[in-house]
file data19.csv (CSV, C-alpha atoms)
chain,number,residue,atom,x,y,z
L,1,MET,CA,0.0,0.0,0.0
L,2,VAL,CA,1.4,3.4,-0.9
L,3,GLN,CA,1.8,5.8,2.1
L,4,PRO,CA,-0.3,8.9,1.6
L,5,ALA,CA,1.7,12.1,1.1
L,6,TRP,CA,0.1,13.7,4.2
L,7,GLN,CA,1.0,10.8,6.5
L,8,ASP,CA,3.6,11.5,9.1
L,9,PRO,CA,7.1,10.1,8.3
L,10,VAL,CA,8.2,6.8,9.9
L,11,LEU,CA,11.1,7.8,12.2
L,12,LEU,CA,13.8,5.4,13.1
L,13,PRO,CA,13.5,4.4,16.7
L,14,VAL,CA,16.7,5.0,18.8
L,15,ASP,CA,16.5,1.4,20.1
L,16,THR,CA,16.7,-0.1,16.6
L,17,ALA,CA,20.3,1.1,16.1
L,18,PRO,CA,22.7,-2.0,16.1
L,19,VAL,CA,24.8,-1.1,19.2
L,20,PRO,CA,28.4,-2.4,19.1
L,21,GLU,CA,29.2,-5.6,21.0
L,22,TYR,CA,30.9,-3.9,24.0
L,23,GLY,CA,32.1,-6.4,26.5
L,24,SER,CA,32.1,-9.5,24.3
L,25,GLY,CA,33.1,-8.6,20.7
L,26,SER,CA,34.3,-5.1,20.1
L,27,LEU,CA,37.7,-3.6,19.4
L,28,ALA,CA,37.9,-2.5,23.1
L,29,ASP,CA,37.8,-6.1,24.1
L,30,LEU,CA,40.7,-7.3,21.9
L,31,LEU,CA,43.8,-6.4,23.9
L,32,PRO,CA,42.3,-7.2,27.3
L,33,THR,CA,41.6,-10.7,26.0
L,34,LEU,CA,45.1,-11.2,24.6
L,35,VAL,CA,46.9,-10.0,27.7
L,36,ALA,CA,44.6,-11.9,30.0
L,37,GLY,CA,46.0,-15.0,28.2
L,38,GLN,CA,49.5,-13.8,28.9
L,39,ASP,CA,48.7,-13.6,32.7
L,40,VAL,CA,48.8,-9.8,32.9
L,41,PRO,CA,47.1,-8.9,36.2
L,42,GLY,CA,43.7,-7.1,36.2
L,43,PHE,CA,42.5,-8.4,32.8
L,44,ALA,CA,39.9,-11.0,31.9
L,45,ALA,CA,39.2,-12.6,28.5
L,46,ALA,CA,36.3,-10.6,27.1
L,47,ILE,CA,36.2,-12.3,23.6
L,48,PRO,CA,35.5,-15.9,24.6
L,49,GLU,CA,36.2,-17.4,21.2
L,50,LEU,CA,39.9,-16.5,21.3
L,51,THR,CA,42.6,-19.0,22.5
L,52,PRO,CA,45.6,-17.7,24.5
L,53,ALA,CA,49.0,-17.4,22.9
L,54,ASP,CA,52.4,-16.4,24.4
L,55,ARG,CA,53.2,-14.0,21.5
L,56,ASN,CA,50.4,-11.8,20.1
L,57,CYS,CA,50.6,-9.5,17.2
L,58,VAL,CA,47.8,-7.1,16.1
L,59,PHE,CA,48.0,-5.7,12.5
L,60,LEU,CA,45.4,-2.9,12.2
L,61,ILE,CA,44.6,-1.9,8.6
L,62,ASP,CA,42.9,1.5,8.7
L,63,GLY,CA,39.6,1.5,6.9
L,64,LEU,CA,39.4,-2.2,5.8
L,65,GLY,CA,36.1,-3.4,7.1
L,66,TRP,CA,34.6,-6.9,7.0
L,67,GLU,CA,32.3,-6.2,4.1
L,68,GLN,CA,35.2,-4.9,2.0
L,69,ILE,CA,37.2,-8.1,2.4
L,70,LYS,CA,34.2,-10.3,1.6
L,71,ALA,CA,33.5,-8.3,-1.5
L,72,HIS,CA,37.1,-8.5,-3.0
L,73,PRO,CA,38.4,-12.0,-3.1
L,74,ASP,CA,40.4,-11.3,-6.2
L,75,GLU,CA,42.2,-8.3,-4.9
L,76,ALA,CA,42.8,-9.7,-1.4
L,77,PRO,CA,43.1,-13.5,-1.8
L,78,PHE,CA,45.1,-14.0,1.4
L,79,LEU,CA,42.9,-11.9,3.6
L,80,HIS,CA,39.8,-13.5,2.0
L,81,SER,CA,41.1,-17.0,2.7
L,82,LEU,CA,41.4,-16.1,6.4
L,83,LEU,CA,37.7,-15.1,6.7
L,84,PRO,CA,36.8,-18.5,8.3
L,85,THR,CA,39.4,-18.0,11.0
L,86,SER,CA,37.9,-14.7,12.2
L,87,ARG,CA,36.9,-14.4,15.8
L,88,GLY,CA,38.5,-17.6,16.9
L,89,GLY,CA,37.4,-19.7,14.0
L,90,THR,CA,33.7,-18.8,14.1
L,91,GLY,CA,34.0,-16.9,10.8
L,92,ARG,CA,32.3,-13.9,12.3
L,93,PRO,CA,33.4,-10.3,12.6
L,94,ILE,CA,33.7,-8.1,15.7
L,95,THR,CA,32.4,-4.5,16.0
L,96,ALA,CA,34.4,-1.3,16.0
L,97,GLY,CA,32.4,0.8,18.5
L,98,PHE,CA,30.5,4.1,18.0
L,99,PRO,CA,31.4,6.2,16.2
L,100,ALA,CA,33.3,4.0,13.8
L,101,THR,CA,36.1,6.4,13.2
L,102,THR,CA,39.9,6.2,13.6
L,103,ALA,CA,40.6,8.3,16.8
L,104,THR,CA,37.8,6.6,18.7
L,105,SER,CA,38.7,3.1,17.5
L,106,LEU,CA,42.4,3.4,18.1
L,107,ALA,CA,41.7,4.7,21.6
L,108,SER,CA,39.4,1.7,22.2
L,109,VAL,CA,42.1,-0.7,21.0
L,110,GLY,CA,44.9,0.8,23.0
L,111,THR,CA,43.1,1.4,26.3
L,112,GLY,CA,40.7,-1.6,26.2
L,113,LEU,CA,37.9,0.8,27.1
L,114,PRO,CA,34.7,1.9,25.2
L,115,PRO,CA,34.4,5.5,24.0
L,116,GLY,CA,32.3,6.5,27.0
L,117,GLU,CA,35.2,5.8,29.3
L,118,HIS,CA,38.3,6.7,27.3
L,119,GLY,CA,36.6,9.9,26.2
L,120,LEU,CA,37.4,10.2,22.5
L,121,PRO,CA,33.8,10.0,21.3
L,122,GLY,CA,34.2,11.1,17.7
L,123,TYR,CA,36.3,12.8,15.0
L,124,THR,CA,35.6,16.1,16.7
L,125,ALA,CA,33.9,16.7,20.0
L,126,ARG,CA,33.2,19.7,22.2
L,127,ASN,CA,35.6,20.4,25.1
L,128,PRO,CA,33.2,21.3,27.9
L,129,GLU,CA,36.0,23.2,29.6
L,130,THR,CA,36.5,25.6,26.7
L,131,GLY,CA,33.3,25.3,24.6
L,132,ALA,CA,35.4,24.7,21.5
L,133,LEU,CA,35.5,21.8,19.2
L,134,MET,CA,38.4,19.4,19.7
L,135,ASN,CA,39.7,17.4,16.7
L,136,GLN,CA,40.8,14.2,18.4
L,137,LEU,CA,42.6,12.9,15.4
L,138,ARG,CA,44.8,15.9,14.8
L,139,TRP,CA,44.6,17.1,18.5
L,140,LYS,CA,43.7,20.6,17.7
L,141,PRO,CA,43.4,22.9,19.5
L,142,TRP,CA,46.0,21.6,21.9
L,143,THR,CA,44.6,19.9,24.9
L,144,ALA,CA,46.6,18.2,27.7
L,145,PRO,CA,46.6,14.6,26.6
L,146,LYS,CA,46.5,13.0,30.1
L,147,VAL,CA,43.7,15.2,31.1
L,148,TRP,CA,41.7,14.3,28.0
L,149,GLN,CA,42.4,10.6,28.4
L,150,PRO,CA,43.8,9.7,31.8
L,151,TYR,CA,43.7,5.9,31.7
L,152,PRO,CA,46.8,3.8,31.2
L,153,THR,CA,47.0,1.8,28.0
L,154,VAL,CA,47.0,-2.0,27.9
L,155,PHE,CA,50.5,-1.8,26.4
L,156,GLN,CA,51.7,0.1,29.4
L,157,LEU,CA,50.2,-2.4,31.8
L,158,ALA,CA,51.5,-5.4,29.8
L,159,ASP,CA,55.0,-3.9,29.7
L,160,ALA,CA,54.9,-3.3,33.4
L,161,ALA,CA,54.0,-7.0,33.9
L,162,GLY,CA,57.0,-8.2,31.9
L,163,VAL,CA,55.5,-8.7,28.4
L,164,ARG,CA,57.8,-7.4,25.6
L,165,THR,CA,55.7,-4.7,24.1
L,166,ALA,CA,56.1,-2.7,20.9
L,167,GLN,CA,54.4,-0.6,18.4
L,168,VAL,CA,55.6,-0.6,14.8
L,169,SER,CA,54.2,2.3,12.7
L,170,ALA,CA,55.1,5.3,10.6
L,171,PRO,CA,57.8,7.5,12.3
L,172,THR,CA,55.5,10.5,12.1
L,173,PHE,CA,53.1,9.0,14.6
L,174,GLU,CA,55.7,8.5,17.4
L,175,GLN,CA,55.2,11.8,19.2
L,176,THR,CA,51.5,12.5,18.4
L,177,PRO,CA,49.2,13.0,21.4
L,178,LEU,CA,46.8,10.3,20.0
L,179,THR,CA,49.7,7.8,20.1
L,180,LYS,CA,50.6,9.0,23.6
L,181,VAL,CA,47.1,8.5,25.1
L,182,ALA,CA,46.1,5.4,23.1
L,183,LEU,CA,49.0,3.3,21.9
L,184,SER,CA,52.0,4.0,24.1
L,185,GLY,CA,53.9,1.5,26.2
L,186,GLY,CA,57.1,-0.4,25.6
L,187,SER,CA,59.0,0.4,22.5
L,188,PHE,CA,57.9,2.5,19.5
L,189,LEU,CA,59.7,1.6,16.3
L,190,GLY,CA,59.2,3.9,13.4
L,191,ARG,CA,59.5,2.4,9.9
L,192,LEU,CA,58.6,4.1,6.6
L,193,THR,CA,57.6,1.2,4.3
L,194,GLY,CA,55.0,-1.4,4.9
L,195,GLU,CA,57.5,-4.2,4.3
L,196,GLU,CA,59.8,-2.8,6.9
L,197,ARG,CA,57.0,-2.7,9.4
L,198,MET,CA,56.0,-6.3,8.8
L,199,ASP,CA,59.6,-7.5,9.1
L,200,VAL,CA,60.3,-5.5,12.3
L,201,ALA,CA,56.9,-6.6,13.8
L,202,ALA,CA,57.9,-10.3,13.3
L,203,GLU,CA,61.4,-9.6,14.9
L,204,ARG,CA,59.9,-7.9,17.9
L,205,LEU,CA,57.4,-10.7,18.3
L,206,ALA,CA,60.2,-13.2,18.6
L,207,ALA,CA,62.2,-11.1,21.1
L,208,GLY,CA,60.3,-12.2,24.2
L,209,ASP,CA,58.8,-15.4,25.6
L,210,ARG,CA,55.7,-13.2,26.1
L,211,SER,CA,55.3,-10.4,23.6
L,212,LEU,CA,52.6,-8.0,22.4
L,213,VAL,CA,53.2,-6.2,19.1
L,214,TYR,CA,51.0,-3.7,17.3
L,215,THR,CA,51.5,-2.6,13.7
L,216,TYR,CA,49.5,-0.3,11.5
L,217,TYR,CA,48.9,0.7,7.9
L,218,SER,CA,46.9,3.7,6.9
L,219,GLU,CA,46.7,4.1,3.1
L,220,VAL,CA,43.7,1.8,2.5
L,221,ASP,CA,41.7,4.4,4.4
L,222,GLY,CA,43.4,7.3,2.6
L,223,LYS,CA,42.6,6.1,-0.9
L,224,GLY,CA,39.1,5.2,0.2
L,225,HIS,CA,38.4,8.7,1.4
L,226,ARG,CA,39.9,10.4,-1.6
L,227,PHE,CA,38.7,8.1,-4.4
L,228,GLY,CA,36.2,5.7,-2.9
L,229,VAL,CA,36.1,2.0,-2.2
L,230,ASP,CA,34.9,1.4,-5.7
L,231,SER,CA,38.1,2.9,-7.2
L,232,ASP,CA,41.2,1.4,-8.9
L,233,ALA,CA,43.4,3.4,-6.5
L,234,TRP,CA,41.6,1.7,-3.5
L,235,ARG,CA,41.8,-1.7,-5.0
L,236,GLY,CA,45.5,-1.2,-5.6
L,237,GLN,CA,46.0,-0.5,-1.9
L,238,LEU,CA,44.0,-3.5,-1.0
L,239,MET,CA,46.2,-5.7,-3.2
L,240,TYR,CA,49.3,-4.2,-1.5
L,241,VAL,CA,48.1,-4.7,2.0
L,242,ASP,CA,47.1,-8.2,1.2
L,243,GLY,CA,50.7,-8.9,0.4
L,244,LEU,CA,51.9,-7.2,3.6
L,245,ALA,CA,49.6,-9.4,5.7
L,246,ARG,CA,50.9,-12.5,4.0
L,247,ARG,CA,54.5,-11.3,4.5
L,248,LEU,CA,53.9,-10.9,8.2
L,249,ALA,CA,52.1,-14.2,8.6
L,250,GLU,CA,55.0,-16.1,6.9
L,251,GLN,CA,57.5,-14.8,9.4
L,252,LEU,CA,55.6,-15.5,12.7
L,253,PRO,CA,57.8,-17.1,15.3
L,254,PRO,CA,56.6,-20.2,17.2
L,255,ARG,CA,53.8,-19.9,19.8
L,256,SER,CA,52.4,-16.8,18.1
L,257,ALA,CA,48.9,-15.5,17.1
L,258,LEU,CA,48.5,-12.8,14.5
L,259,TYR,CA,45.2,-10.9,14.5
L,260,ILE,CA,44.4,-8.8,11.5
L,261,THR,CA,41.7,-6.2,12.2
L,262,ALA,CA,40.6,-2.7,11.3
L,263,ASP,CA,39.2,0.5,12.9
L,264,HIS,CA,36.1,0.8,10.7
L,265,GLY,CA,34.7,0.0,7.3
L,266,MET,CA,33.8,2.5,4.6
L,267,ILE,CA,31.0,3.4,2.2
L,268,ASP,CA,31.0,5.6,-0.9
L,269,ILE,CA,28.4,8.4,-0.9
L,270,PRO,CA,27.1,9.8,-4.2
L,271,PHE,CA,27.6,13.5,-4.9
L,272,ASP,CA,24.0,14.6,-5.1
L,273,GLU,CA,21.7,16.7,-2.9
L,274,GLN,CA,19.7,13.6,-1.7
L,275,SER,CA,22.8,11.9,-0.4
L,276,ARG,CA,24.8,14.9,0.9
L,277,ILE,CA,22.8,17.2,3.1
L,278,ASP,CA,24.8,20.5,3.6
L,279,PHE,CA,24.4,21.7,7.2
L,280,ASP,CA,26.0,25.1,6.2
L,281,GLU,CA,23.2,25.7,3.6
L,282,ASP,CA,20.3,24.3,5.6
L,283,TRP,CA,18.6,26.9,7.8
L,284,GLU,CA,16.4,24.4,9.5
L,285,LEU,CA,19.2,22.2,10.7
L,286,ARG,CA,21.3,25.2,11.8
L,287,ALA,CA,18.6,26.8,13.9
L,288,GLY,CA,19.6,26.7,17.5
L,289,VAL,CA,22.9,24.9,16.9
L,290,ALA,CA,26.0,26.4,18.4
L,291,LEU,CA,28.5,23.8,17.2
L,292,LEU,CA,28.4,20.9,14.7
L,293,GLY,CA,30.8,18.1,15.7
L,294,GLY,CA,31.6,14.5,14.7
L,295,GLU,CA,31.7,13.7,11.0
L,296,GLY,CA,29.2,13.2,8.1
L,297,ARG,CA,27.7,9.9,9.2
L,298,ALA,CA,28.0,10.4,13.0
L,299,ARG,CA,27.2,13.9,14.1
L,300,HIS,CA,27.4,15.5,17.5
L,301,VAL,CA,25.1,18.5,17.6
L,302,TYR,CA,25.7,21.1,20.4
L,303,ALA,CA,22.7,23.3,20.9
L,304,VAL,CA,22.5,26.9,22.1
L,305,PRO,CA,21.6,26.7,25.8
L,306,GLY,CA,17.9,26.3,26.2
L,307,ALA,CA,17.4,25.2,22.6
L,308,GLU,CA,18.2,21.5,23.1
L,309,ALA,CA,14.6,20.2,22.9
L,310,ASP,CA,13.9,22.3,19.8
L,311,VAL,CA,17.0,21.1,18.0
L,312,LEU,CA,16.2,17.5,18.7
L,313,THR,CA,12.6,18.0,17.4
L,314,VAL,CA,13.8,19.6,14.2
L,315,TRP,CA,16.6,17.1,13.5
L,316,ARG,CA,14.2,14.3,14.0
L,317,GLU,CA,11.6,15.8,11.7
L,318,VAL,CA,14.1,16.6,8.9
L,319,LEU,CA,16.4,13.5,9.2
L,320,GLY,CA,14.6,10.9,11.3
L,321,GLU,CA,13.8,8.6,8.4
L,322,GLN,CA,17.4,8.4,7.3
L,323,PHE,CA,19.3,8.8,10.6
L,324,TRP,CA,18.9,7.4,14.1
L,325,VAL,CA,18.5,10.7,16.0
L,326,ALA,CA,18.9,10.7,19.7
L,327,SER,CA,19.2,13.1,22.6
L,328,ARG,CA,22.4,12.7,24.6
L,329,ASP,CA,20.6,10.9,27.4
L,330,GLU,CA,18.9,8.6,24.9
L,331,ALA,CA,22.2,7.7,23.2
L,332,VAL,CA,23.9,7.1,26.5
L,333,GLU,CA,20.9,5.0,27.8
L,334,ALA,CA,20.9,3.0,24.6
L,335,GLY,CA,24.6,2.1,25.1
L,336,TRP,CA,25.9,3.7,21.9
L,337,PHE,CA,29.1,4.8,23.6
L,338,GLY,CA,29.4,1.8,25.9
L,339,PRO,CA,27.8,0.5,29.0
L,340,ARG,CA,29.3,3.3,31.2
L,341,ILE,CA,29.9,7.0,30.7
L,342,ASP,CA,32.6,8.8,32.7
L,343,GLU,CA,31.3,12.1,34.0
L,344,ARG,CA,34.2,14.0,32.3
L,345,VAL,CA,33.0,12.5,28.9
L,346,ARG,CA,29.3,13.2,29.1
L,347,GLY,CA,29.6,16.9,28.1
L,348,ARG,CA,31.7,15.9,25.0
L,349,ILE,CA,28.7,14.0,23.6
L,350,GLY,CA,26.3,16.1,21.5
L,351,ASP,CA,23.0,17.4,22.9
L,352,VAL,CA,21.8,15.6,19.8
L,353,VAL,CA,23.5,12.6,18.2
L,354,ALA,CA,22.7,11.6,14.6
L,355,ALA,CA,23.9,8.3,13.2
L,356,ALA,CA,23.3,7.5,9.5
L,357,HIS,CA,21.1,4.6,8.6
L,358,ASP,CA,20.8,5.2,4.9
L,359,ASP,CA,23.6,6.0,2.3
L,360,VAL,CA,23.6,9.7,3.3
L,361,VAL,CA,25.9,12.2,5.0
L,362,ILE,CA,25.6,15.6,6.7
L,363,THR,CA,28.3,17.7,5.2
L,364,ALA,CA,29.5,21.2,6.2
L,365,SER,CA,30.8,22.7,3.0
L,366,VAL,CA,32.0,26.0,4.5
L,367,ASN,CA,33.4,24.8,7.8
L,368,GLU,CA,34.6,21.3,6.7
L,369,PRO,CA,35.5,21.7,3.0
L,370,HIS,CA,38.1,18.9,3.0
L,371,GLU,CA,35.9,16.3,4.8
L,372,SER,CA,32.9,17.3,2.8
L,373,ALA,CA,34.7,16.5,-0.5
L,374,MET,CA,35.5,13.0,0.5
L,375,VAL,CA,34.1,10.1,-1.5
L,376,GLY,CA,34.4,7.3,1.1
L,377,MET,CA,32.8,8.0,4.5
L,378,HIS,CA,32.3,6.1,7.8
L,379,GLY,CA,31.2,6.6,11.4
L,380,SER,CA,27.8,5.1,11.9
L,381,MET,CA,26.5,1.7,13.1
L,382,THR,CA,25.6,0.1,9.8
L,383,PRO,CA,27.3,-3.2,9.0
L,384,VAL,CA,29.5,-1.8,6.3
L,385,GLU,CA,31.1,0.7,8.7
L,386,GLN,CA,30.8,-1.2,12.0
L,387,LEU,CA,31.9,-4.7,11.3
L,388,VAL,CA,35.6,-5.3,11.3
L,389,PRO,CA,37.6,-8.5,10.8
L,390,LEU,CA,39.5,-10.4,13.4
L,391,LEU,CA,41.4,-12.7,11.1
L,392,GLU,CA,43.8,-15.1,12.8
L,393,VAL,CA,47.1,-16.9,11.9
L,394,ARG,CA,48.7,-19.1,14.5
L,395,THR,CA,52.0,-21.0,14.8
call {"tool": "encode", "arguments": {"input": "data19.csv", "output": "structure tokens"}}
result
Amino acid sequence: MVQPAWQDPVLLPVDTAPVPEYGSGSLADLLPTLVAGQDVPGFAAAIPELTPADRNCVFLIDGLGWEQIKAHPDEAPFLHSLLPTSRGGTGRPITAGFPATTATSLASVGTGLPPGEHGLPGYTARNPETGALMNQLRWKPWTAPKVWQPYPTVFQLADAAGVRTAQVSAPTFEQTPLTKVALSGGSFLGRLTGEERMDVAAERLAAGDRSLVYTYYSEVDGKGHRFGVDSDAWRGQLMYVDGLARRLAEQLPPRSALYITADHGMIDIPFDEQSRIDFDEDWELRAGVALLGGEGRARHVYAVPGAEADVLTVWREVLGEQFWVASRDEAVEAGWFGPRIDERVRGRIGDVVAAAHDDVVITASVNEPHESAMVGMHGSMTPVEQLVPLLEVRT
């Protein structure tokens, strides 16, 4: 039956959003599970499907979600062959966490905490102390790292317990605040090429009877943002990183487990008015809004004081068929940011939180020209963004 034009739109209920598997199958649960198997005090195995190993290596490929590997067996034959090993041989993915974006996910990996506790709840978020937007990937404006994220990393605690711990990544990341608060502990080894990183990761893995090594590659995400995951440039990066994963797997020392995962997936968004809603050109969405944070598919909306209810009403009326639109309290109650919210984090979450359901983004052409021009996007709770692999190779 065709819905009459005058009938009210069918809004997406907040409780229908597929909340990440915090506590049993999210990125925040990975390192605690691995170090629990290495007898590091204070940790329990949160992902029950995984089997302990003396030497654990995590290879995180930025932007390479579960759905992308499934869809590209020819470009990624090695990674595709490992799909049945994912999540302890169940052949299932894990979830990134909300929002599915790099700063949030890397903090979840490194601290073993959901976003509501580590406090990096998006690409940009309001600093309640200053009232300004804080870019948590680029760390601008400058904010004291240990104030913003005070918890120790799993790497630091594992290193203190005698596990040989290392991060192998691009040299430029060594001194960044995000690395300091999310991925520090043990040794940082900067290497320029992907091949060097794989070789050094294998060497560091063999250096201890108990070892924990993290390595990272970013350009799958970079090409996806610029050209899209349906581009030849992106496919070329996928082929390259497939070879890196194989190279690392073939060098694993005895008693090792290699886990290949990602911080989020990605979706291409068409360049048309229906798919890209420009906040800077939409007077309805701007009314009563003091700051627009987050990113195109996972927005934090900070209202002018006293306008919170009106902003929520308007955003639901305008976007509620395409986005899950929640108040801060509703998003927290639904568990979008994890089962617990630290008080210092609550004010960083938008008065309104909008998470994309359809293939659509909220751009900001004036204030976010670079981000608004991207082809590939991510951030929300849809499977293509949220599901990430946990592929496994053991020796």
call {"tool": "residues_around", "arguments": {"input": "data19.csv", "residues": "Tyr240 in chain L", "least_positions_apart": "5", "cutoff": "10 Å", "atoms": "all atoms listed in the file", "output": "list of chain:residue names"}}
result
L:Glu75, L:Ala76, L:Gly194, L:Glu219, L:Val220, L:Trp234, L:Arg235, L:Ala245
call {"tool": "residues_around", "arguments": {"input": "data19.csv", "residues": "Ala356 in chain L", "least_positions_apart": "4", "cutoff": "8 Å", "atoms": "only C-alpha atoms", "output": "JSON, numbers by chain"}}
result
{"L": [297, 298, 322, 323, 324, 360, 361, 380, 381, 382]}
call {"tool": "atom_distance", "arguments": {"input": "data19.csv", "atom1": "CA of Val314 in chain L", "atom2": "CA of Asp342 in chain L"}}
result
28.5 Å
call {"tool": "atom_distance", "arguments": {"input": "data19.csv", "atom1": "CA of Asp242 in chain L", "atom2": "CA of His80 in chain L"}}
result
9.1 Å
call {"tool": "atom_distance", "arguments": {"input": "data19.csv", "atom1": "CA of Arg286 in chain L", "atom2": "CA of Pro141 in chain L"}}
result
23.5 Å
call {"tool": "residues_near_point", "arguments": {"input": "data19.csv", "point": "(35.9, 17.2, 29.7)", "cutoff": "10 Å", "atoms": "all atoms listed in the file", "output": "short mmCIF file (atom, residue, chain, number, x, y, z; two decimals) with C-alpha atoms, in the frame of the given file"}}
result
data_model
loop_
_atom_site.label_atom_id
_atom_site.label_comp_id
_atom_site.auth_asym_id
_atom_site.auth_seq_id
_atom_site.Cartn_x
_atom_site.Cartn_y
_atom_site.Cartn_z
CA GLY L 119 36.60 9.90 26.20
CA ALA L 125 33.90 16.70 20.00
CA ARG L 126 33.20 19.70 22.20
CA ASN L 127 35.60 20.40 25.10
CA PRO L 128 33.20 21.30 27.90
CA GLU L 129 36.00 23.20 29.60
CA THR L 130 36.50 25.60 26.70
CA GLY L 131 33.30 25.30 24.60
CA VAL L 147 43.70 15.20 31.10
CA TRP L 148 41.70 14.30 28.00
CA GLN L 149 42.40 10.60 28.40
CA ASP L 342 32.60 8.80 32.70
CA GLU L 343 31.30 12.10 34.00
CA ARG L 344 34.20 14.00 32.30
CA VAL L 345 33.00 12.50 28.90
CA ARG L 346 29.30 13.20 29.10
CA GLY L 347 29.60 16.90 28.10
CA ARG L 348 31.70 15.90 25.00
CA ILE L 349 28.70 14.00 23.60
#
call {"tool": "closest_residue", "arguments": {"input": "data19.csv", "among": "L:Gly350, L:Gly296, L:Pro114, L:Gly236", "to": "Lys223 in chain L", "atoms": "all atoms listed in the file"}}
result
L:Gly236
call {"tool": "residues_around", "arguments": {"input": "data19.csv", "residues": "Ala160 in chain L", "least_positions_apart": "2", "cutoff": "9 Å", "atoms": "only C-alpha atoms", "output": "ChimeraX atom specification"}}
result
/L:40,155-158,162-163,185-186
call {"tool": "closest_atom_pairs", "arguments": {"input": "data19.csv", "of": "range 111-201 of chain L", "to": "range 331-341 of chain L", "cutoff": "10 Å", "atoms": "all atoms listed in the file", "output": "JSON lines"}}
result
{"residue": "L:Leu113", "atom": "CA", "partner": "L:Gly338", "partner_atom": "CA", "distance": 8.6}
{"residue": "L:Pro114", "atom": "CA", "partner": "L:Gly338", "partner_atom": "CA", "distance": 5.3}
{"residue": "L:Pro115", "atom": "CA", "partner": "L:Phe337", "partner_atom": "CA", "distance": 5.4}
{"residue": "L:Gly116", "atom": "CA", "partner": "L:Ile341", "partner_atom": "CA", "distance": 4.4}
{"residue": "L:Glu117", "atom": "CA", "partner": "L:Ile341", "partner_atom": "CA", "distance": 5.6}
{"residue": "L:His118", "atom": "CA", "partner": "L:Ile341", "partner_atom": "CA", "distance": 9.1}
{"residue": "L:Gly119", "atom": "CA", "partner": "L:Ile341", "partner_atom": "CA", "distance": 8.6}
{"residue": "L:Leu120", "atom": "CA", "partner": "L:Phe337", "partner_atom": "CA", "distance": 10.0}
{"residue": "L:Pro121", "atom": "CA", "partner": "L:Phe337", "partner_atom": "CA", "distance": 7.4}
call {"tool": "closest_residue", "arguments": {"input": "data19.csv", "among": "L:Gly25, L:Gly63, L:Gly89, L:Pro13", "to": "Leu238 in chain L", "atoms": "only C-alpha atoms"}}
result
L:Gly63
call {"tool": "residues_around", "arguments": {"input": "data19.csv", "residues": "Gly320 in chain L", "least_positions_apart": "6", "cutoff": "10 Å", "atoms": "only C-alpha atoms", "output": "number ranges by chain"}}
result
L: 9-14, 313-314, 326, 354-357
call {"tool": "closest_residue", "arguments": {"input": "data19.csv", "among": "L:Val366, L:Leu34, L:Val168, L:Ile269", "to": "Leu183 in chain L", "atoms": "all atoms listed in the file"}}
result
L:Val168
call {"tool": "residues_around", "arguments": {"input": "data19.csv", "residues": "Thr179 in chain L", "least_positions_apart": "3", "cutoff": "10 Å", "atoms": "all atoms listed in the file", "output": "ChimeraX atom specification"}}
result
/L:103,106-107,110,137,145,167,173-176,182-185,188
call {"tool": "closest_residue", "arguments": {"input": "data19.csv", "among": "L:Ile260, L:Tyr302, L:Gly37, L:Gly65", "to": "Ala132 in chain L", "atoms": "only C-alpha atoms"}}
result
L:Tyr302
call {"tool": "closest_residue", "arguments": {"input": "data19.csv", "among": "L:Ala71, L:Val393, L:Val241, L:Ile94", "to": "Glu49 in chain L", "atoms": "only C-alpha atoms"}}
result
L:Ile94
call {"tool": "closest_residue", "arguments": {"input": "data19.csv", "among": "L:Gly265, L:Pro270, L:Pro52, L:Gly97", "to": "Ile69 in chain L", "atoms": "all atoms listed in the file"}}
result
L:Gly265
call {"tool": "residues_near_point", "arguments": {"input": "data19.csv", "point": "(22.2, 13.2, 4.0)", "cutoff": "7 Å", "atoms": "only C-alpha atoms", "output": "PyMOL selection string"}}
result
chain L and resi 274-277+360-362
